[in-house]
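Following: one structure in structure tokens, then a few remarks.
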Amino acid sequence: MPHRKDSDSRKLLRRLRDILAAPGASQDRLDQITRHIADSMGAEVCSVYLFRDPETLELCATQGLRPDAVHKTRLRLGEGLVGRVARSGRPVNTANAPAERGFRFMPETGEEVFSSFLGVPIQRVGEKVGVLVVQSREARQFTEDDVYGLEVVAMVLAEMAELGAFLGNADDRMPLAHRFPGLFRGTGAQEGAAEGRVWLHESRVVISNPVGDDPERERARLNEGVALLREKVDRMLSDSDVDAAGDHVEVLEAYRLFAHSRSWLKRMEEDIDLGLSAEAAVEKEQSQARARLEKAADPYLRDRLHDLDDLSNRLLRILTGQGKDTGAEMPENPILVARNIGPADLLDYGRKLKGVVLEEGSVGSHATIVARALAIPLVVHAARITTEALNGDAILIDGDAGIVHLRPEESVANAFRDKIAMQAEAQKRYAGLRDLPAITRCGTLMSLSMNAGLMADLPSMESSGAEGVGLFRTELQFLTRPNVPRRSELAALYTGVMDAAKGRPVVFRTLDIGSDKVLPYMKPQDEPNPAMGWRAIRVGLDKRGILRMQLQALIRAAVGRPLHIMFPFIAEPSEFVAAHRMLMDEVAREQRLGHGLPSDLRVGTMLETPSLVFAPVSFFRSCDFVSIGGNDLKQFFFAADRENERVRRRYDTLSEPFLALLEEVIGRCEAADVPLSFCGEDAGRPVEALTFAALGIKRLSMRPASVGPVKHLIRRTDLRDLRVRINDARQKGQPVRRAVTEYLAQL
């Protein structure tokens, strides 16, 4: 790139920096900026469009178009050439704009006389801020240097926007960022409601100096930062805690190659030559690479986006000194806001949090499991909340409806507080039932257990009135650490779980990994449908060392006490037979070694696949107990991925086909005289729970907070009457859910 261009670019960026530093209104700043850019580019028009909302762009300043079009001209995302730039995140450069695909004529701007058009996105690490446009009467194609230079200017504008340079006030009509109340609709992954203050899991790096005065000094800073980053990545790879032969080594090697990429460094150095600071150059490259990779059809390339983001963020924190520990104090009643979070990080926060809001995540993710263990509401898929929220902002989270209110109006906050108060009052009523049996009015005794996965869950057993743990998820101990836990560590943990249960039964489900639960030290499998792929017992039977070690730990933890073990995701009897044989081999081995044994051993299966429903009665007789895994069984029965919001709520648990399937299971278990339970989200929903009870399932396992409401209704229900109503509705082809709901309304 010619030296003159470098010099012109640096002069323009310095002018923009001076405008940012000078006092004045946001509108005045933008007006000055458009004049300077038009002059520097030799263009007759320069316009800045900013987002009013995620779907609408507004002309906020212009040099060359009609002034009265400012704050009146608006475009939808994708509309016209400006909307096309915003949607694609890529420049549009044309010598004949009216002939360009998607052109939209806006007569109020007077732009019909301008033929050439160059528009570039104003964006900051995935956040779309707006579009910067230059135009001229002459039909000319802007040069690559022009495009590159305007992208550098757009980068500085994005940083100026982040620093609040364009915030509106009472005297102008500029968009007001981080000021207005915001409503975010996501997906409720854990029920409950909470009010508190925002605590960002990883505060955004703020670049206060997007313009560099001394390119040589900025280059040196960049190279020093990259060298330190590479040193840290190399050290991570050679860490003695990481096995040298694991599949994860390939992942870390690819990560290291990215960090050592010469082209990555070269592109950032070119940005510095045009006038950016080292930090701004890193972020510009991160933003543009993100825009490219997000649109890649290849899943492998899209996955590399996470590597790029992580490396770029690490480098930015090295250059700015803004580490995770920024010195900010966590507010009272913190509600965590993050793009995503791992189970270990969430456990570190513990019960200090009142709730969690994630932009990503899923209803079956590790974070969801931990949030349930901590009994705090969780909303996932809350798009763009990390870009809108600031530390300390007031926030309300409704995990039941999947709604988040940011900076709520007082009327909304008051209504929300009423809801929280009503829920608290209901929990007090349920607490009075804690020591009473779950017996129906017709004399049927039900057994209500809780689901758990952490030691943090166990205190809920006493307060909820649960009779035991119907499902203890053992995978969380593997997911929250960087390497495989030792057998002695697992044995100590399982001993602690049994101690905390105080003689109540605990059903340990063996390792259920794969699908959405990938171990940090296990290479993710490239499977088109991981939920139906290599997971759970399939992994255990292939990687026998891990399953054998876990079985040994369970046997040693239960010396002199009853032990209940359940194998997950059994699809055919032979898998249960193989897993059961492994367990008995380990029992025999412990006996040969002279070690103590459990006083009683019960081995069961989790029924999660429709195929197992139709296994012969002899298979059911070989089990000591059967537990219906409702979440997975539903998704496979209805062919509806429970992680897919478009379909997961489409099918009703109480529909006739699914009830017929449950009756098939109930009949086979009764014929085999084997205890049957239902475990999953539906077990904790009162309408579903009562329907299961009326069909003949007398054992239910649910989250602790659901035990009280379910017991409350069970004690008021006559299952004979309810069964008559259910049968009547089914014979008439009417919805069972409506029949059960009407029955409950009469109670």
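Letters for chains follow the order of the structure tokens (A, B, ...), residue numbers begin at 1 for each chain, and ligand numbers begin at 1 in the order shown.
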Find the residues around Pro377 in chain A up to 10 Å (only C-alpha atoms counted), leave out those fewer than 5 positions away in its own chain, and share them as an MDAnalysis selection string. chainID A and resid 188:194 335 353:357 368 371:372 397:400 402
Considering only strand (DSSP E) as DSSP defines it on the backbone, what residues of range 454-672 of chain A qualify? List them as a VMD selection string. chain A and resid 469 to 473 506 to 509 562 to 567 600 to 607 625 to 629
I need the chosen residues saved as a PDB file, in the first residue's frame, with N, CA and C atoms.
ATOM      1  N   VAL A 469     -32.988 -40.421  46.102  1.00  0.00           N
ATOM      2  CA  VAL A 469     -32.516 -39.894  44.825  1.00  0.00           C
ATOM      3  C   VAL A 469     -32.827 -40.924  43.753  1.00  0.00           C
ATOM      4  N   GLY A 470     -33.788 -40.607  42.897  1.00  0.00           N
ATOM      5  CA  GLY A 470     -34.179 -41.537  41.850  1.00  0.00           C
ATOM      6  C   GLY A 470     -33.230 -41.543  40.675  1.00  0.00           C
ATOM      7  N   LEU A 471     -32.409 -40.487  40.564  1.00  0.00           N
ATOM      8  CA  LEU A 471     -31.409 -40.401  39.507  1.00  0.00           C
ATOM      9  C   LEU A 471     -30.274 -39.511  39.987  1.00  0.00           C
ATOM     10  N   PHE A 472     -29.091 -40.095  40.144  1.00  0.00           N
ATOM     11  CA  PHE A 472     -27.888 -39.304  40.413  1.00  0.00           C
ATOM     12  C   PHE A 472     -27.041 -39.349  39.150  1.00  0.00           C
ATOM     13  N   ARG A 473     -26.886 -38.182  38.509  1.00  0.00           N
ATOM     14  CA  ARG A 473     -26.126 -38.091  37.251  1.00  0.00           C
ATOM     15  C   ARG A 473     -24.640 -38.067  37.581  1.00  0.00           C
ATOM     16  N   VAL A 506     -30.277 -44.192  46.854  1.00  0.00           N
ATOM     17  CA  VAL A 506     -29.702 -43.358  45.802  1.00  0.00           C
ATOM     18  C   VAL A 506     -29.451 -44.245  44.583  1.00  0.00           C
ATOM     19  N   VAL A 507     -30.038 -43.868  43.450  1.00  0.00           N
ATOM     20  CA  VAL A 507     -29.837 -44.623  42.211  1.00  0.00           C
ATOM     21  C   VAL A 507     -28.777 -43.898  41.389  1.00  0.00           C
ATOM     22  N   PHE A 508     -27.623 -44.540  41.238  1.00  0.00           N
ATOM     23  CA  PHE A 508     -26.511 -43.946  40.473  1.00  0.00           C
ATOM     24  C   PHE A 508     -26.630 -44.370  39.006  1.00  0.00           C
ATOM     25  N   ARG A 509     -26.774 -43.392  38.134  1.00  0.00           N
ATOM     26  CA  ARG A 509     -26.728 -43.689  36.698  1.00  0.00           C
ATOM     27  C   ARG A 509     -25.285 -43.610  36.231  1.00  0.00           C
ATOM     28  N   PRO A 562     -26.633 -50.646  50.819  1.00  0.00           N
ATOM     29  CA  PRO A 562     -27.266 -51.006  49.545  1.00  0.00           C
ATOM     30  C   PRO A 562     -26.712 -50.131  48.414  1.00  0.00           C
ATOM     31  N   LEU A 563     -26.602 -50.721  47.228  1.00  0.00           N
ATOM     32  CA  LEU A 563     -26.122 -49.994  46.058  1.00  0.00           C
ATOM     33  C   LEU A 563     -27.104 -50.206  44.907  1.00  0.00           C
ATOM     34  N   HIS A 564     -27.570 -49.088  44.334  1.00  0.00           N
ATOM     35  CA  HIS A 564     -28.465 -49.128  43.183  1.00  0.00           C
ATOM     36  C   HIS A 564     -27.727 -48.516  41.992  1.00  0.00           C
ATOM     37  N   ILE A 565     -27.554 -49.291  40.925  1.00  0.00           N
ATOM     38  CA  ILE A 565     -26.862 -48.820  39.717  1.00  0.00           C
ATOM     39  C   ILE A 565     -27.810 -48.947  38.528  1.00  0.00           C
ATOM     40  N   MET A 566     -27.824 -47.892  37.701  1.00  0.00           N
ATOM     41  CA  MET A 566     -28.698 -47.884  36.528  1.00  0.00           C
ATOM     42  C   MET A 566     -27.866 -47.568  35.280  1.00  0.00           C
ATOM     43  N   PHE A 567     -28.056 -48.358  34.235  1.00  0.00           N
ATOM     44  CA  PHE A 567     -27.329 -48.156  32.983  1.00  0.00           C
ATOM     45  C   PHE A 567     -28.182 -47.307  32.030  1.00  0.00           C
ATOM     46  N   ASP A 600     -26.431 -54.958  49.583  1.00  0.00           N
ATOM     47  CA  ASP A 600     -27.456 -55.361  48.622  1.00  0.00           C
ATOM     48  C   ASP A 600     -27.127 -54.656  47.303  1.00  0.00           C
ATOM     49  N   LEU A 601     -27.305 -55.339  46.189  1.00  0.00           N
ATOM     50  CA  LEU A 601     -26.991 -54.758  44.891  1.00  0.00           C
ATOM     51  C   LEU A 601     -28.206 -54.861  43.981  1.00  0.00           C
ATOM     52  N   ARG A 602     -28.720 -53.718  43.535  1.00  0.00           N
ATOM     53  CA  ARG A 602     -29.848 -53.668  42.603  1.00  0.00           C
ATOM     54  C   ARG A 602     -29.363 -53.029  41.301  1.00  0.00           C
ATOM     55  N   VAL A 603     -29.661 -53.665  40.184  1.00  0.00           N
ATOM     56  CA  VAL A 603     -29.192 -53.189  38.877  1.00  0.00           C
ATOM     57  C   VAL A 603     -30.397 -52.967  37.968  1.00  0.00           C
ATOM     58  N   GLY A 604     -30.504 -51.755  37.451  1.00  0.00           N
ATOM     59  CA  GLY A 604     -31.645 -51.425  36.604  1.00  0.00           C
ATOM     60  C   GLY A 604     -31.240 -50.787  35.293  1.00  0.00           C
ATOM     61  N   THR A 605     -32.248 -50.512  34.488  1.00  0.00           N
ATOM     62  CA  THR A 605     -32.022 -49.888  33.187  1.00  0.00           C
ATOM     63  C   THR A 605     -32.847 -48.620  33.062  1.00  0.00           C
ATOM     64  N   MET A 606     -32.326 -47.674  32.304  1.00  0.00           N
ATOM     65  CA  MET A 606     -33.096 -46.500  31.950  1.00  0.00           C
ATOM     66  C   MET A 606     -33.706 -46.762  30.583  1.00  0.00           C
ATOM     67  N   LEU A 607     -35.011 -46.662  30.507  1.00  0.00           N
ATOM     68  CA  LEU A 607     -35.715 -46.921  29.259  1.00  0.00           C
ATOM     69  C   LEU A 607     -35.898 -45.582  28.544  1.00  0.00           C
ATOM     70  N   PHE A 625     -35.000 -53.074  38.464  1.00  0.00           N
ATOM     71  CA  PHE A 625     -35.942 -51.957  38.361  1.00  0.00           C
ATOM     72  C   PHE A 625     -35.778 -51.327  36.978  1.00  0.00           C
ATOM     73  N   VAL A 626     -36.806 -50.594  36.548  1.00  0.00           N
ATOM     74  CA  VAL A 626     -36.794 -49.887  35.260  1.00  0.00           C
ATOM     75  C   VAL A 626     -37.214 -48.453  35.510  1.00  0.00           C
ATOM     76  N   SER A 627     -36.490 -47.524  34.887  1.00  0.00           N
ATOM     77  CA  SER A 627     -36.833 -46.105  35.006  1.00  0.00           C
ATOM     78  C   SER A 627     -37.023 -45.522  33.612  1.00  0.00           C
ATOM     79  N   ILE A 628     -38.188 -44.984  33.361  1.00  0.00           N
ATOM     80  CA  ILE A 628     -38.454 -44.349  32.064  1.00  0.00           C
ATOM     81  C   ILE A 628     -37.735 -42.995  32.028  1.00  0.00           C
ATOM     82  N   GLY A 629     -36.811 -42.838  31.081  1.00  0.00           N
ATOM     83  CA  GLY A 629     -36.141 -41.548  30.881  1.00  0.00           C
ATOM     84  C   GLY A 629     -36.987 -40.715  29.932  1.00  0.00           C
TER      85      GLY A 629
END
Of the listed residues A:Val282, A:Ala38, A:Leu81, A:Leu50, that which approaches Leu65 in chain A most closely, counting only C-alpha atoms: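 Ranking A:Val282, A:Ala38, A:Leu81, A:Leu50 by distance to Leu65 in chain A, first place goes to A:Ala38.
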Close residues, Glu79 in chain A itself excluded, 8 Å, only C-alpha atoms, min 4 positions apart in chain, as a CSV table (one decimal) with N, CA and C atoms, in the first residue's frame:
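Result written to result17.csv:
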chain,number,residue,atom,x,y,z
A,75,LEU,N,-34.3,1.7,7.0
A,75,LEU,CA,-34.3,0.5,6.2
A,75,LEU,C,-34.3,-0.7,7.0
A,83,GLY,N,-28.9,-2.1,3.6
A,83,GLY,CA,-29.4,-3.3,4.4
A,83,GLY,C,-28.6,-4.6,4.0
A,84,ARG,N,-28.2,-4.7,2.7
A,84,ARG,CA,-27.5,-5.8,2.3
A,84,ARG,C,-26.1,-5.9,2.9
A,102,GLY,N,-30.9,-5.7,-5.6
A,102,GLY,CA,-31.4,-5.2,-4.3
A,102,GLY,C,-31.4,-3.7,-4.1
A,104,ARG,N,-32.5,-0.1,-3.7
A,104,ARG,CA,-33.8,0.5,-3.3
A,104,ARG,C,-33.7,2.0,-3.4
Kindly give the distance, in Å, that separates CA of Gly432 in chain A and CA of Gly708 in chain A, rounded to a single decimal. 9.0 Å
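Summary of the local environment: counting only C-alpha atoms, residues at most 9 Å from Glu664 in chain A, other than itself and those fewer than 4 positions away along its chain, are Val613, Phe614, Leu659, Ala660, Arg668 and Cys669 of chain A.
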Excluding Leu315 in chain A and its own-chain neighbours fewer than 4 positions away, which residues fall within 9 Å of it when counting only C-alpha atoms? Please give them as a compact mmCIF listing (two decimals) with N, CA and C atoms, in the first residue's frame.
# COMPACT_ATOMS: atom_id res chain seq x y z
N LEU A 222 2.16 -5.11 19.36
CA LEU A 222 1.43 -6.25 18.82
C LEU A 222 2.31 -7.49 18.82
N GLY A 225 2.82 -8.83 22.26
CA GLY A 225 1.61 -9.50 22.74
C GLY A 225 1.42 -10.87 22.11
N VAL A 226 1.65 -10.96 20.77
CA VAL A 226 1.50 -12.23 20.07
C VAL A 226 2.54 -13.24 20.57
N LEU A 228 3.85 -13.39 23.57
CA LEU A 228 3.41 -13.85 24.89
C LEU A 228 2.23 -14.82 24.75
N LEU A 229 1.32 -14.52 23.83
CA LEU A 229 0.18 -15.41 23.60
C LEU A 229 0.67 -16.78 23.14
N GLU A 279 -4.56 -2.82 19.63
CA GLU A 279 -5.80 -3.42 20.11
C GLU A 279 -6.89 -3.35 19.04
N VAL A 282 -6.36 -5.89 16.26
CA VAL A 282 -6.77 -7.23 16.66
C VAL A 282 -8.29 -7.39 16.54
N ASP A 310 -11.42 -17.04 21.02
CA ASP A 310 -10.65 -17.24 22.25
C ASP A 310 -9.26 -16.64 22.14
N LEU A 311 -8.58 -16.90 21.01
CA LEU A 311 -7.24 -16.35 20.82
C LEU A 311 -7.26 -14.82 20.78
N LEU A 319 -2.90 -7.11 25.65
CA LEU A 319 -2.56 -5.76 25.19
C LEU A 319 -3.15 -4.67 26.08
N THR A 320 -4.36 -4.90 26.58
CA THR A 320 -5.04 -3.86 27.36
C THR A 320 -4.83 -4.01 28.86
With distances taken over only C-alpha atoms, which of A:His36, A:Arg504, A:Gly78, A:Ser449 is nearest to Glu55 in chain A?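 So, comparing all the options, the nearest one is A:Gly78.
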Can you list every residue in range 334-436 of chain A that DSSP puts in alpha helix (DSSP H), as an NGL selection string? :A and (343-349 or 366-374 or 385-388 or 410-431)
Go ahead and save the residues from that selection, with C-alpha atoms, as a short mmCIF file (atom, residue, chain, number, x, y, z; two decimals), in the first residue's frame.
data_model
loop_
_atom_site.label_atom_id
_atom_site.label_comp_id
_atom_site.auth_asym_id
_atom_site.auth_seq_id
_atom_site.Cartn_x
_atom_site.Cartn_y
_atom_site.Cartn_z
CA PRO A 343 -20.24 -26.20 34.30
CA ALA A 344 -16.98 -25.65 36.21
CA ASP A 345 -17.19 -21.84 35.90
CA LEU A 346 -20.84 -21.88 36.98
CA LEU A 347 -20.01 -24.06 39.97
CA ASP A 348 -17.31 -21.55 40.98
CA TYR A 349 -20.00 -18.91 41.40
CA HIS A 366 -24.14 -28.81 31.39
CA ALA A 367 -24.96 -25.28 32.57
CA THR A 368 -28.64 -26.23 32.79
CA ILE A 369 -27.86 -29.27 34.91
CA VAL A 370 -25.75 -27.18 37.29
CA ALA A 371 -28.38 -24.41 37.44
CA ARG A 372 -30.94 -27.02 38.45
CA ALA A 373 -28.59 -28.31 41.12
CA LEU A 374 -28.18 -24.77 42.45
CA ILE A 385 -28.15 -9.59 25.77
CA THR A 386 -24.37 -9.48 26.36
CA THR A 387 -24.13 -6.48 24.03
CA GLU A 388 -27.02 -4.67 25.72
CA GLU A 410 -41.28 0.23 37.68
CA SER A 411 -44.72 -1.16 36.75
CA VAL A 412 -43.07 -4.29 35.28
CA ALA A 413 -40.81 -4.66 38.32
CA ASN A 414 -43.77 -4.38 40.72
CA ALA A 415 -45.76 -7.05 38.88
CA PHE A 416 -42.69 -9.27 38.87
CA ARG A 417 -42.16 -8.85 42.61
CA ASP A 418 -45.77 -9.91 43.17
CA LYS A 419 -45.10 -13.11 41.22
CA ILE A 420 -41.97 -13.86 43.29
CA ALA A 421 -43.89 -13.26 46.51
CA MET A 422 -46.67 -15.63 45.41
CA GLN A 423 -44.15 -18.34 44.57
CA ALA A 424 -42.47 -17.93 47.96
CA GLU A 425 -45.85 -18.22 49.71
CA ALA A 426 -46.65 -21.40 47.78
CA GLN A 427 -43.32 -22.95 48.80
CA LYS A 428 -44.15 -22.25 52.45
CA ARG A 429 -47.42 -24.18 52.05
CA TYR A 430 -45.63 -27.12 50.45
CA ALA A 431 -43.05 -27.17 53.25
#
As a PyMOL selection string, please: the residues near Pro107 in chain A (cut-off 10 Å, only C-alpha atoms, same-chain neighbours under 3 positions excluded). chain A and resi 66+69+73+104+110-112
For those residues, write C-alpha atoms to a file as a PDB file, in the first residue's frame.
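Here's the written file out.pdb:
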ATOM      1  CA  ARG A  66     -30.585  15.960   1.914  1.00  0.00           C
ATOM      2  CA  ALA A  69     -33.705  12.873   5.532  1.00  0.00           C
ATOM      3  CA  THR A  73     -34.917   7.447   6.346  1.00  0.00           C
ATOM      4  CA  ARG A 104     -33.815   0.536  -3.319  1.00  0.00           C
ATOM      5  CA  GLY A 110     -31.824  12.904  -3.162  1.00  0.00           C
ATOM      6  CA  GLU A 111     -29.267  10.155  -3.836  1.00  0.00           C
ATOM      7  CA  GLU A 112     -30.506   9.401  -7.377  1.00  0.00           C
TER       8      GLU A 112
END
Atom pair CA of Val647 in chain A / CA of Ala452 in chain A: separation (Å): 27.2 Å
